[in-house]
>>> print(open('entry_24.tsv').read())   # TSV, C-alpha atoms
chain	number	residue	atom	x	y	z
A	20	MET	CA	-29.42	9.83	13.59
A	21	ALA	CA	-26.55	12.14	13.04
A	22	VAL	CA	-24.01	13.38	10.59
A	23	ARG	CA	-20.70	12.03	11.87
A	24	PRO	CA	-17.21	13.34	11.08
A	25	VAL	CA	-15.53	11.49	8.20
A	26	LEU	CA	-12.07	10.19	9.10
A	27	ARG	CA	-9.19	11.02	6.81
A	28	LEU	CA	-5.75	9.61	6.40
A	29	PRO	CA	-3.60	9.07	8.37
A	30	ALA	CA	-6.35	7.85	10.74
A	31	THR	CA	-5.37	4.26	11.52
A	32	ALA	CA	-9.00	3.16	11.89
A	33	LEU	CA	-9.22	3.29	8.10
A	34	LYS	CA	-6.67	0.49	7.85
A	35	ALA	CA	-8.32	-1.91	10.33
A	36	VAL	CA	-10.36	-4.93	9.22
A	37	ALA	CA	-13.99	-4.44	10.27
A	38	LYS	CA	-15.82	-7.02	12.40
A	39	PRO	CA	-19.14	-8.63	11.43
A	40	VAL	CA	-22.34	-6.96	12.61
A	41	GLY	CA	-24.15	-10.29	13.07
A	42	ALA	CA	-27.75	-10.05	14.30
A	43	VAL	CA	-29.27	-6.67	13.43
A	44	ASP	CA	-30.12	-4.75	16.59
A	45	GLU	CA	-30.96	-1.15	17.48
A	46	ALA	CA	-27.32	-0.14	17.51
A	47	ALA	CA	-26.87	-1.52	14.00
A	48	ALA	CA	-29.97	0.32	12.80
A	49	ALA	CA	-28.63	3.54	14.33
A	50	LEU	CA	-25.29	2.99	12.58
A	51	ALA	CA	-27.13	2.55	9.28
A	52	ALA	CA	-28.99	5.82	9.82
A	53	ASP	CA	-25.76	7.67	10.67
A	54	LEU	CA	-24.07	6.31	7.56
A	55	VAL	CA	-26.91	7.49	5.34
A	56	ASP	CA	-27.15	10.89	7.08
A	57	THR	CA	-23.41	11.42	6.73
A	58	MET	CA	-23.37	10.32	3.08
A	59	ARG	CA	-26.26	12.66	2.26
A	60	ALA	CA	-24.50	15.56	4.00
A	61	HIS	CA	-21.69	15.52	1.43
A	62	ASP	CA	-22.29	16.59	-2.15
A	63	HIS	CA	-21.14	14.04	-4.71
A	64	CYS	CA	-20.74	11.35	-2.05
A	65	VAL	CA	-22.24	8.12	-3.39
A	66	GLY	CA	-21.09	5.72	-0.69
A	67	LEU	CA	-19.76	5.52	2.84
A	68	ALA	CA	-18.42	2.66	4.92
A	69	ALA	CA	-18.57	2.38	8.72
A	70	PRO	CA	-14.79	2.56	9.22
A	71	GLN	CA	-14.86	6.00	7.59
A	72	ILE	CA	-16.90	7.28	10.55
A	73	GLY	CA	-14.71	5.42	13.00
A	74	VAL	CA	-16.90	2.34	13.47
A	75	GLY	CA	-15.07	-0.96	12.94
A	76	LEU	CA	-18.10	-2.91	11.75
A	77	GLN	CA	-18.96	-4.39	8.37
A	78	ALA	CA	-21.56	-1.87	7.29
A	79	PHE	CA	-21.87	0.55	4.39
A	80	CYS	CA	-24.37	2.63	2.48
A	81	MET	CA	-24.45	3.59	-1.19
A	82	ASP	CA	-26.71	5.52	-3.54
A	83	VAL	CA	-25.71	6.30	-7.13
A	84	THR	CA	-29.21	7.30	-8.21
A	85	GLY	CA	-28.26	10.78	-9.43
A	86	HIS	CA	-24.80	9.94	-10.73
A	87	PRO	CA	-24.28	10.78	-14.41
A	88	LYS	CA	-22.19	7.63	-15.00
A	89	ALA	CA	-24.70	5.28	-13.39
A	90	SER	CA	-26.12	2.43	-15.43
A	91	SER	CA	-27.61	0.05	-12.86
A	92	ARG	CA	-29.39	1.96	-10.10
A	93	ALA	CA	-30.38	-0.02	-7.03
A	94	GLY	CA	-31.43	3.12	-5.16
A	95	LEU	CA	-30.36	3.47	-1.56
A	96	VAL	CA	-28.42	0.40	-0.46
A	97	VAL	CA	-27.48	-0.23	3.17
A	98	LEU	CA	-25.91	-3.59	3.91
A	99	PHE	CA	-24.32	-5.33	6.87
A	100	ASP	CA	-21.79	-8.15	6.53
A	101	PRO	CA	-21.68	-7.89	2.73
A	102	GLU	CA	-19.89	-10.34	0.49
A	103	VAL	CA	-19.17	-10.48	-3.22
A	104	VAL	CA	-21.03	-13.42	-4.75
A	105	ALA	CA	-20.19	-12.79	-8.42
A	106	SER	CA	-17.93	-10.46	-10.36
A	107	GLY	CA	-17.03	-9.80	-13.99
A	108	ALA	CA	-14.01	-8.66	-15.95
A	109	PRO	CA	-12.06	-5.67	-14.63
A	110	ALA	CA	-12.25	-2.13	-15.91
A	111	LEU	CA	-10.00	0.83	-15.13
A	112	ALA	CA	-11.29	4.18	-13.86
A	113	ARG	CA	-10.08	7.07	-11.78
A	114	GLU	CA	-11.27	7.13	-8.17
A	115	GLY	CA	-11.07	9.40	-5.21
A	116	CYS	CA	-12.21	8.94	-1.64
A	117	MET	CA	-13.49	11.31	1.03
A	118	SER	CA	-10.99	9.74	3.43
A	119	VAL	CA	-8.05	10.46	1.11
A	120	PRO	CA	-8.04	14.20	0.46
A	121	ASP	CA	-6.91	15.53	-2.91
A	122	LEU	CA	-5.46	12.34	-4.38
A	123	THR	CA	-7.07	10.35	-7.15
A	124	GLY	CA	-5.83	7.28	-8.95
A	125	ASN	CA	-6.68	4.73	-11.59
A	126	VAL	CA	-8.04	1.53	-10.08
A	127	ALA	CA	-9.00	-1.69	-11.87
A	128	ARG	CA	-12.19	-3.25	-10.49
A	129	PRO	CA	-14.71	-5.75	-11.85
A	130	ALA	CA	-17.14	-3.91	-14.11
A	131	THR	CA	-20.03	-6.01	-12.86
A	132	VAL	CA	-20.59	-7.41	-9.39
A	133	ALA	CA	-23.22	-9.04	-7.22
A	134	VAL	CA	-23.06	-8.32	-3.49
A	135	ARG	CA	-25.13	-10.08	-0.84
A	136	GLY	CA	-25.68	-8.72	2.65
A	137	THR	CA	-28.20	-8.06	5.39
A	138	THR	CA	-30.42	-4.98	5.35
A	139	PRO	CA	-31.15	-2.86	8.45
A	140	GLU	CA	-34.51	-4.68	8.47
A	141	GLY	CA	-32.66	-7.95	8.93
A	142	GLU	CA	-33.40	-9.30	5.48
A	143	THR	CA	-30.96	-10.74	2.96
A	144	ARG	CA	-30.52	-8.53	-0.12
A	145	VAL	CA	-28.52	-9.18	-3.26
A	146	VAL	CA	-27.50	-6.15	-5.31
A	147	GLU	CA	-26.41	-6.74	-8.90
A	148	ALA	CA	-24.55	-3.73	-10.24
A	149	ASP	CA	-22.47	-2.44	-13.12
A	150	ALA	CA	-20.62	0.75	-14.07
A	151	ILE	CA	-20.21	3.29	-11.27
A	152	GLU	CA	-22.51	1.34	-8.96
A	153	ALA	CA	-20.30	-1.76	-9.17
A	154	ARG	CA	-17.22	0.39	-8.57
A	155	ALA	CA	-18.84	2.09	-5.57
A	156	LEU	CA	-19.86	-1.26	-4.04
A	157	LEU	CA	-16.35	-2.65	-4.36
A	158	HIS	CA	-14.78	0.55	-3.07
A	159	GLU	CA	-16.99	0.40	0.05
A	160	LEU	CA	-16.32	-3.31	0.57
A	161	ASP	CA	-12.61	-2.56	0.42
A	162	HIS	CA	-13.05	-0.13	3.32
A	163	LEU	CA	-14.37	-3.04	5.39
A	164	ASP	CA	-11.12	-4.89	4.71
A	165	GLY	CA	-9.04	-1.87	5.68
A	166	LEU	CA	-8.16	-1.18	2.05
A	167	LEU	CA	-8.13	2.25	0.43
A	168	PHE	CA	-8.02	2.91	-3.29
A	169	LEU	CA	-4.38	3.82	-2.76
A	170	ASP	CA	-3.77	0.14	-2.02
A	171	ARG	CA	-5.08	-0.76	-5.46
A	172	VAL	CA	-3.97	2.15	-7.56
A	173	VAL	CA	-2.63	1.51	-11.01
A	174	SER	CA	-0.40	4.17	-12.49
A	175	THR	CA	-1.30	5.72	-15.81
A	176	ALA	CA	2.24	4.75	-16.72
A	177	ASP	CA	1.08	1.13	-16.68
A	178	LEU	CA	-0.16	1.71	-20.19
A	179	PHE	CA	3.55	1.38	-20.87
A	180	ARG	CA	4.11	-1.54	-18.56
A	181	ARG	CA	6.11	-3.54	-21.07
A	182	ARG	CA	9.04	-1.23	-20.99
A	183	ARG	CA	12.20	-1.70	-22.99
A	184	TYR	CA	14.82	-0.08	-20.89
A	185	ARG	CA	17.72	-0.54	-23.22
B	89	MET	CA	11.73	27.25	4.65
B	90	THR	CA	13.16	27.36	1.14
B	91	ARG	CA	12.15	25.17	-1.79
B	92	PHE	CA	14.66	23.69	-4.18
B	93	ALA	CA	14.31	21.92	-7.48
B	94	VAL	CA	16.72	18.99	-7.50
B	95	SER	CA	17.31	16.89	-10.58
B	96	VAL	CA	19.53	13.85	-10.90
B	97	PHE	CA	20.32	11.87	-14.03
B	98	GLY	CA	22.65	8.97	-14.64
B	99	ARG	CA	23.07	5.38	-15.78
B	100	ASP	CA	20.65	3.24	-13.81
B	101	ARG	CA	21.98	1.12	-10.97
B	102	PRO	CA	20.74	0.12	-7.52
B	103	GLY	CA	21.25	2.66	-4.74
B	104	ILE	CA	20.78	5.98	-6.53
B	105	VAL	CA	17.56	6.94	-4.73
B	106	ALA	CA	18.93	5.81	-1.38
B	107	ALA	CA	22.16	7.80	-1.74
B	108	VAL	CA	20.54	11.00	-3.01
B	109	THR	CA	17.65	11.06	-0.56
B	110	ARG	CA	19.96	10.31	2.37
B	111	VAL	CA	21.90	13.49	1.66
B	112	LEU	CA	18.65	15.47	1.45
B	113	ALA	CA	17.28	13.92	4.64
B	114	ASP	CA	20.47	14.62	6.55
B	115	ALA	CA	20.25	18.24	5.38
B	116	GLY	CA	16.79	18.44	6.95
B	117	CYS	CA	14.98	18.62	3.61
B	118	ASN	CA	11.45	17.35	3.18
B	119	LEU	CA	10.78	15.66	-0.16
B	120	GLU	CA	7.56	17.23	-1.38
B	121	ASP	CA	6.63	16.26	-4.94
B	122	THR	CA	8.91	13.87	-6.78
B	123	SER	CA	8.94	11.91	-10.00
B	124	MET	CA	11.60	9.29	-10.65
B	125	THR	CA	11.81	6.80	-13.46
B	126	ILE	CA	14.08	4.95	-15.84
B	127	LEU	CA	14.49	6.48	-19.28
B	128	ARG	CA	16.28	4.19	-21.72
B	129	GLY	CA	18.54	2.78	-19.05
B	130	HIS	CA	19.18	6.11	-17.37
B	131	PHE	CA	17.61	6.89	-14.03
B	132	ALA	CA	16.01	10.34	-13.82
B	133	MET	CA	14.96	11.98	-10.56
B	134	MET	CA	13.04	15.24	-10.35
B	135	LEU	CA	12.30	16.51	-6.87
B	136	VAL	CA	10.91	19.61	-5.22
B	137	VAL	CA	12.24	19.64	-1.68
B	138	ALA	CA	11.65	22.00	1.21
B	139	GLY	CA	14.78	22.85	3.15
B	140	PRO	CA	15.03	24.38	6.61
B	141	ALA	CA	16.12	27.97	7.17
B	142	GLY	CA	19.84	28.38	6.62
B	143	VAL	CA	20.21	25.58	4.09
B	144	GLY	CA	21.05	26.98	0.67
B	145	GLU	CA	22.02	25.77	-2.76
B	146	PRO	CA	25.75	25.60	-1.98
B	147	ALA	CA	25.19	23.38	1.07
B	148	LEU	CA	22.98	20.97	-0.86
B	149	ARG	CA	25.41	20.85	-3.77
B	150	ALA	CA	28.29	20.18	-1.41
B	151	GLY	CA	26.37	17.28	0.06
B	152	LEU	CA	25.32	15.84	-3.29
B	153	ASP	CA	28.64	16.22	-5.11
B	154	PRO	CA	30.33	13.20	-3.49
B	155	VAL	CA	27.29	11.05	-4.33
B	156	ALA	CA	27.30	12.32	-7.90
B	157	GLY	CA	30.97	11.50	-8.20
B	158	ARG	CA	30.64	8.03	-6.74
B	159	LEU	CA	27.56	7.03	-8.81
B	160	ASP	CA	28.44	9.03	-11.94
B	161	LEU	CA	25.36	11.25	-11.79
B	162	GLN	CA	24.56	14.69	-13.16
B	163	VAL	CA	22.97	16.71	-10.36
B	164	SER	CA	21.42	20.15	-10.39
B	165	VAL	CA	20.07	22.15	-7.45
B	166	ARG	CA	18.15	25.37	-7.89
B	167	GLU	CA	16.08	27.46	-5.51
B	168	VAL	CA	12.50	27.83	-6.73
B	169	ALA	CA	9.85	30.40	-5.93
B	170	ASP	CA	7.44	29.40	-3.24
B	171	GLU	CA	4.25	30.58	-4.86
B	172	VAL	CA	4.48	28.54	-8.04
B	173	THR	CA	1.02	27.32	-8.95
B	174	ALA	CA	-0.51	25.60	-11.94
B	175	ALA	CA	-1.06	27.98	-14.83
B	176	ALA	CA	-4.59	27.03	-15.72
B	177	ALA	CA	-6.91	27.28	-12.77
B	178	GLY	CA	-9.38	24.44	-12.79
B	179	GLY	CA	-10.43	22.98	-16.10
B	180	ALA	CA	-11.74	19.51	-16.71
B	181	ARG	CA	-9.44	16.50	-16.55
B	182	TYR	CA	-8.98	14.49	-19.73
B	183	ALA	CA	-6.69	11.63	-20.72
B	184	ALA	CA	-5.36	11.46	-24.26
B	185	ALA	CA	-3.38	8.72	-25.92
B	186	VAL	CA	-1.66	9.19	-29.25
B	187	TYR	CA	0.16	6.34	-30.94
B	188	GLY	CA	1.39	5.27	-34.31
B	189	ALA	CA	4.45	4.86	-36.50
B	190	ASP	CA	7.39	6.82	-35.11
B	191	ARG	CA	8.33	10.02	-36.94
B	192	PRO	CA	10.08	13.22	-35.95
B	193	GLY	CA	8.01	15.99	-34.41
B	194	LEU	CA	5.05	13.95	-33.14
B	195	VAL	CA	5.11	15.34	-29.62
B	196	ALA	CA	5.71	18.88	-30.87
B	197	ARG	CA	2.76	18.82	-33.26
B	198	VAL	CA	0.35	17.28	-30.79
B	199	SER	CA	1.36	19.52	-27.89
B	200	GLU	CA	1.17	22.62	-30.10
B	201	ALA	CA	-2.42	21.73	-30.86
B	202	LEU	CA	-3.06	21.48	-27.11
B	203	ALA	CA	-1.24	24.70	-26.26
B	204	ALA	CA	-3.29	26.59	-28.85
B	205	HIS	CA	-6.31	25.92	-26.65
B	206	GLN	CA	-4.54	26.75	-23.39
B	207	VAL	CA	-4.73	23.08	-22.44
B	208	ASN	CA	-2.38	22.35	-19.55
B	209	ILE	CA	-0.35	19.13	-19.76
B	210	VAL	CA	-0.35	17.75	-16.22
B	211	ASP	CA	1.53	14.58	-17.04
B	212	LEU	CA	3.07	13.23	-20.22
B	213	GLN	CA	4.84	9.96	-20.79
B	214	THR	CA	6.12	8.75	-24.10
B	215	ARG	CA	7.65	5.48	-25.24
B	216	VAL	CA	9.07	4.09	-28.43
B	217	VAL	CA	8.49	0.36	-28.63
B	218	GLY	CA	8.93	-2.40	-31.18
B	219	GLU	CA	11.34	-3.32	-33.94
B	220	PRO	CA	11.87	-3.15	-36.84
B	221	ASP	CA	8.89	-0.80	-37.17
B	222	PRO	CA	8.93	1.35	-34.04
B	223	VAL	CA	5.63	2.51	-32.59
B	224	TYR	CA	5.52	5.78	-30.73
B	225	ALA	CA	3.04	6.02	-27.84
B	226	MET	CA	2.22	9.11	-25.79
B	227	HIS	CA	-0.07	9.32	-22.81
B	228	PHE	CA	-1.26	12.74	-21.64
B	229	ASP	CA	-3.11	13.80	-18.52
B	230	LEU	CA	-4.68	17.13	-19.38
B	231	GLU	CA	-6.53	20.05	-17.88
B	232	VAL	CA	-8.84	21.41	-20.53
B	233	PRO	CA	-10.42	24.86	-20.12
B	234	ALA	CA	-14.16	24.78	-19.66
B	235	ALA	CA	-16.21	24.25	-22.82
B	236	ARG	CA	-13.14	23.75	-25.06
B	237	ALA	CA	-13.02	19.95	-24.94
B	238	GLY	CA	-14.99	19.49	-28.18
B	239	GLN	CA	-12.73	21.77	-30.19
B	240	VAL	CA	-9.59	20.32	-28.58
B	241	GLU	CA	-10.66	16.82	-29.56
B	242	ALA	CA	-11.50	17.91	-33.10
B	243	ASP	CA	-8.11	19.58	-33.52
B	244	LEU	CA	-6.29	16.57	-32.04
B	245	ARG	CA	-8.04	14.31	-34.54
B	246	GLU	CA	-7.12	16.63	-37.40
B	247	VAL	CA	-3.45	16.62	-36.36
B	248	ALA	CA	-3.52	12.85	-35.88
B	249	GLU	CA	-4.96	12.27	-39.31
B	250	GLU	CA	-2.35	14.51	-40.88
B	251	LEU	CA	0.41	12.61	-39.04
B	252	GLY	CA	-1.10	9.18	-39.67
B	253	VAL	CA	-1.39	8.30	-35.98
B	254	GLN	CA	-4.24	7.17	-33.74
B	255	VAL	CA	-5.71	9.31	-31.00
B	256	SER	CA	-8.10	8.81	-28.11
B	257	PHE	CA	-9.43	11.58	-25.91
B	258	GLU	CA	-11.54	10.70	-22.88
B	259	PRO	CA	-12.82	12.47	-19.76
B	260	ASP	CA	-10.74	11.46	-16.77
B	261	GLU	CA	-12.66	12.97	-13.88
B	262	ALA	CA	-12.34	11.06	-10.66
B	263	ASP	CA	-15.40	9.67	-8.93
B	264	VAL	CA	-15.24	10.39	-5.23
B	265	LEU	CA	-16.70	7.29	-3.65
>>> encode(input="entry_24.tsv", output="structure tokens")
Amino acid sequence: MAVRPVLRLPATALKAVAKPVGAVDEAAAALAADLVDTMRAHDHCVGLAAPQIGVGLQAFCMDVTGHPKASSRAGLVVLFDPEVVASGAPALAREGCMSVPDLTGNVARPATVAVRGTTPEGETRVVEADAIEARALLHELDHLDGLLFLDRVVSTADLFRRRRYR
Amino acid sequence: MTRFAVSVFGRDRPGIVAAVTRVLADAGCNLEDTSMTILRGHFAMMLVVAGPAGVGEPALRAGLDPVAGRLDLQVSVREVADEVTAAAAGGARYAAAVYGADRPGLVARVSEALAAHQVNIVDLQTRVVGEPDPVYAMHFDLEVPAARAGQVEADLREVAEELGVQVSFEPDEADVL
């Protein structure tokens, strides 16, 4: 149970693909607690993935309860070995990340998503989310694949994608 | 360390970025912020670079002149003050799009309405697309002083109606996830 330092670019651990947690044991439960403690220690932080605290395991936490843009609100979500089981049409919104200081960018992500994973109690949980909660889930899942929002960023200039150069 | 504003403009062709940035790299300059794009078939580069002590405008120009000659580019190099910062401190981020039939003065009218409220344009891109009836499209990233967003939007809509163009004005705050 501890607030851990949050890694920032150019930390290479952020770009590694995380390994499955598998059977939930004490170490996994401790990781879950550290993730939640660290998330809660940062104002405005609504999600944190294990690679961001230097742990290369498929684990994340999320809580958008107090977020003004939230529509669905699943409360505190902590999942191991999560996978996307359904997703809807994409929407564009500006994101930032605690591991990428100062930069923000427009990222297209499914506006609705269902994610299934294992809770710290060892049970299967499916979270169906929309709006900011869907975006947060997909952002955290990306961290488990070694992907940052920078890998998905869409320029505002893409409004003008069909350019006529001459 | 000295900062320089470097701008390069010329007919687009492969190799412009490589040639220009090679000269800057060999001079020991660090490319800080840059924006480079094609404008109607011309390639435009705007760079703020940090040069090491002892490197001045004449040295950079001397390095860039051969490249400019070979690739038919207009190049300018100018030392800039170090402590340049954004005019409006803080403010809320908004994105605005304005589009409609092309006519002279669109950008001037819209940006005057923004300037009247001390709105800072952080990024602006405009395009003219379509024939025979060209459509003009502008996309703004804006910093709007606190509590002025409502009035800014109202004034933008008034200008847009007068000009017969469409406008959208949306918060563009990032969510830190």
>>> closest_atom_pairs(input="entry_24.tsv", of="chain B", to="chain A", cutoff="9 Å", atoms="all atoms listed in the file", output="CSV")
residue,atom,partner,partner_atom,distance
B:Ile126,CA,A:Tyr184,CA,7.2
B:Leu127,CA,A:Tyr184,CA,6.8
B:Arg128,CA,A:Tyr184,CA,4.6
B:Gly129,CA,A:Tyr184,CA,5.0
B:His130,CA,A:Tyr184,CA,8.3
B:Gln213,CA,A:Ala176,CA,7.1
B:Thr214,CA,A:Phe179,CA,8.4
B:Arg215,CA,A:Phe179,CA,7.3
B:Val216,CA,A:Arg183,CA,8.5
B:Val217,CA,A:Arg183,CA,7.1
B:Gly218,CA,A:Arg183,CA,8.8
B:Ala225,CA,A:Phe179,CA,8.4
B:His227,CA,A:Ala176,CA,8.0
B:Asp229,CA,A:Thr175,CA,8.7
B:Asp260,CA,A:Arg113,CA,6.7
B:Glu261,CA,A:Arg113,CA,6.8
B:Ala262,CA,A:Arg113,CA,4.7
B:Asp263,CA,A:Glu114,CA,4.9
B:Val264,CA,A:Gly115,CA,4.3
B:Leu265,CA,A:Cys116,CA,5.2
>>> residues_around(input="entry_24.tsv", residues="Gly41 of chain A", least_positions_apart="2", cutoff="8 Å", atoms="all atoms listed in the file", output="ChimeraX atom specification")
/A:39,43,99-100
>>> atom_distance(input="entry_24.tsv", atom1="atom CA of Asp161 of chain A", atom2="atom CA of Leu33 of chain A")
10.2 Å
>>> residues_around(input="entry_24.tsv", residues="segment 248-253 of chain B", least_positions_apart="6", cutoff="12 Å", atoms="all atoms listed in the file", output="PyMOL selection string")
chain B and resi 184-199+201+223-226+241-242
>>> write_last_selection(input="entry_24.tsv", atoms="C-alpha atoms", output="PDB file, in the frame of the given file")
ATOM      1  CA  ALA B 184      -5.360  11.460 -24.260  1.00  0.00           C
ATOM      2  CA  ALA B 185      -3.380   8.720 -25.920  1.00  0.00           C
ATOM      3  CA  VAL B 186      -1.660   9.190 -29.250  1.00  0.00           C
ATOM      4  CA  TYR B 187       0.160   6.340 -30.940  1.00  0.00           C
ATOM      5  CA  GLY B 188       1.390   5.270 -34.310  1.00  0.00           C
ATOM      6  CA  ALA B 189       4.450   4.860 -36.500  1.00  0.00           C
ATOM      7  CA  ASP B 190       7.390   6.820 -35.110  1.00  0.00           C
ATOM      8  CA  ARG B 191       8.330  10.020 -36.940  1.00  0.00           C
ATOM      9  CA  PRO B 192      10.080  13.220 -35.950  1.00  0.00           C
ATOM     10  CA  GLY B 193       8.010  15.990 -34.410  1.00  0.00           C
ATOM     11  CA  LEU B 194       5.050  13.950 -33.140  1.00  0.00           C
ATOM     12  CA  VAL B 195       5.110  15.340 -29.620  1.00  0.00           C
ATOM     13  CA  ALA B 196       5.710  18.880 -30.870  1.00  0.00           C
ATOM     14  CA  ARG B 197       2.760  18.820 -33.260  1.00  0.00           C
ATOM     15  CA  VAL B 198       0.350  17.280 -30.790  1.00  0.00           C
ATOM     16  CA  SER B 199       1.360  19.520 -27.890  1.00  0.00           C
ATOM     17  CA  ALA B 201      -2.420  21.730 -30.860  1.00  0.00           C
ATOM     18  CA  VAL B 223       5.630   2.510 -32.590  1.00  0.00           C
ATOM     19  CA  TYR B 224       5.520   5.780 -30.730  1.00  0.00           C
ATOM     20  CA  ALA B 225       3.040   6.020 -27.840  1.00  0.00           C
ATOM     21  CA  MET B 226       2.220   9.110 -25.790  1.00  0.00           C
ATOM     22  CA  GLU B 241     -10.660  16.820 -29.560  1.00  0.00           C
ATOM     23  CA  ALA B 242     -11.500  17.910 -33.100  1.00  0.00           C
TER      24      ALA B 242
END
>>> atom_distance(input="entry_24.tsv", atom1="atom CA of Ala52 of chain A", atom2="atom CA of Arg92 of chain A")
20.3 Å
>>> closest_residue(input="entry_24.tsv", among="A:Val172, A:Val104, A:Ala153, A:Ala46", to="Ser91 of chain A", atoms="only C-alpha atoms")
A:Ala153
>>> residues_around(input="entry_24.tsv", residues="Ala127 of chain A", least_positions_apart="5", cutoff="8 Å", atoms="only C-alpha atoms", output="list in words")
Pro109, Ala110, Leu111, Ala112, Arg171, Val172 and Val173 of chain A
>>> residues_around(input="entry_24.tsv", residues="segment 202-208 of chain B", least_positions_apart="3", cutoff="10 Å", atoms="only C-alpha atoms", output="list in words")
Ala174, Ala175, Ala176, Ala177, Gly178, Gly179, Ala180, Arg181, Tyr182, Ala196, Arg197, Val198, Ser199, Asp211, Phe228, Asp229, Leu230, Glu231, Val232, Pro233, Ala234, Arg236, Ala237, Gln239, Val240, Glu241, Asp243 and Leu244 of chain B
>>> closest_residue(input="entry_24.tsv", among="B:Ala138, B:Met89, B:Ala107, B:Leu119", to="Ala156 of chain B", atoms="all atoms listed in the file")
B:Ala107
>>> atom_distance(input="entry_24.tsv", atom1="atom CA of Glu167 of chain B", atom2="atom CA of Ile209 of chain B")
23.3 Å
>>> residues_around(input="entry_24.tsv", residues="Lys38 of chain A", least_positions_apart="4", cutoff="8 Å", atoms="only C-alpha atoms", output="ChimeraX atom specification")
/A:75-77
>>> closest_residue(input="entry_24.tsv", among="B:Arg110, B:Arg245, B:Arg91, B:Arg158", to="Gly139 of chain B", atoms="only C-alpha atoms")
B:Arg91
>>> closest_residue(input="entry_24.tsv", among="A:Val145, A:Leu95, A:Ala42, A:Val36", to="Asp164 of chain A", atoms="all atoms listed in the file")
A:Val36
>>> build_atoms(input="entry_24.tsv", residues="segment 74-87 of chain A", atoms="N, CA and C atoms", output="mmCIF file, in the frame of the given file")
data_model
loop_
_atom_site.group_PDB
_atom_site.id
_atom_site.type_symbol
_atom_site.label_atom_id
_atom_site.label_comp_id
_atom_site.auth_asym_id
_atom_site.auth_seq_id
_atom_site.Cartn_x
_atom_site.Cartn_y
_atom_site.Cartn_z
ATOM 1 N N VAL A 74 -16.225 3.522 12.917
ATOM 2 C CA VAL A 74 -16.900 2.340 13.470
ATOM 3 C C VAL A 74 -16.343 1.096 12.775
ATOM 4 N N GLY A 75 -15.735 0.199 13.523
ATOM 5 C CA GLY A 75 -15.070 -0.960 12.940
ATOM 6 C C GLY A 75 -15.999 -2.131 12.704
ATOM 7 N N LEU A 76 -17.117 -1.862 12.049
ATOM 8 C CA LEU A 76 -18.100 -2.910 11.750
ATOM 9 C C LEU A 76 -18.337 -2.981 10.251
ATOM 10 N N GLN A 77 -18.737 -4.191 9.798
ATOM 11 C CA GLN A 77 -18.960 -4.390 8.370
ATOM 12 C C GLN A 77 -20.324 -3.825 7.973
ATOM 13 N N ALA A 78 -20.327 -2.550 7.675
ATOM 14 C CA ALA A 78 -21.560 -1.870 7.290
ATOM 15 C C ALA A 78 -21.216 -0.759 6.315
ATOM 16 N N PHE A 79 -22.076 -0.574 5.306
ATOM 17 C CA PHE A 79 -21.870 0.550 4.390
ATOM 18 C C PHE A 79 -23.201 0.979 3.809
ATOM 19 N N CYS A 80 -23.205 2.189 3.238
ATOM 20 C CA CYS A 80 -24.370 2.630 2.480
ATOM 21 C C CYS A 80 -23.896 3.127 1.124
ATOM 22 N N MET A 81 -24.796 3.168 0.171
ATOM 23 C CA MET A 81 -24.450 3.590 -1.190
ATOM 24 C C MET A 81 -25.720 4.046 -1.888
ATOM 25 N N ASP A 82 -25.569 5.085 -2.713
ATOM 26 C CA ASP A 82 -26.710 5.520 -3.540
ATOM 27 C C ASP A 82 -26.157 6.267 -4.748
ATOM 28 N N VAL A 83 -26.233 5.659 -5.914
ATOM 29 C CA VAL A 83 -25.710 6.300 -7.130
ATOM 30 C C VAL A 83 -26.837 6.841 -8.009
ATOM 31 N N THR A 84 -28.024 6.966 -7.417
ATOM 32 C CA THR A 84 -29.210 7.300 -8.210
ATOM 33 C C THR A 84 -28.979 8.492 -9.142
ATOM 34 N N GLY A 85 -28.384 9.574 -8.619
ATOM 35 C CA GLY A 85 -28.260 10.780 -9.430
ATOM 36 C C GLY A 85 -26.949 10.883 -10.173
ATOM 37 N N HIS A 86 -26.136 9.840 -10.148
ATOM 38 C CA HIS A 86 -24.800 9.940 -10.730
ATOM 39 C C HIS A 86 -24.848 9.840 -12.252
ATOM 40 N N PRO A 87 -24.186 10.781 -12.946
ATOM 41 C CA PRO A 87 -24.280 10.780 -14.410
ATOM 42 C C PRO A 87 -23.709 9.513 -15.065
#
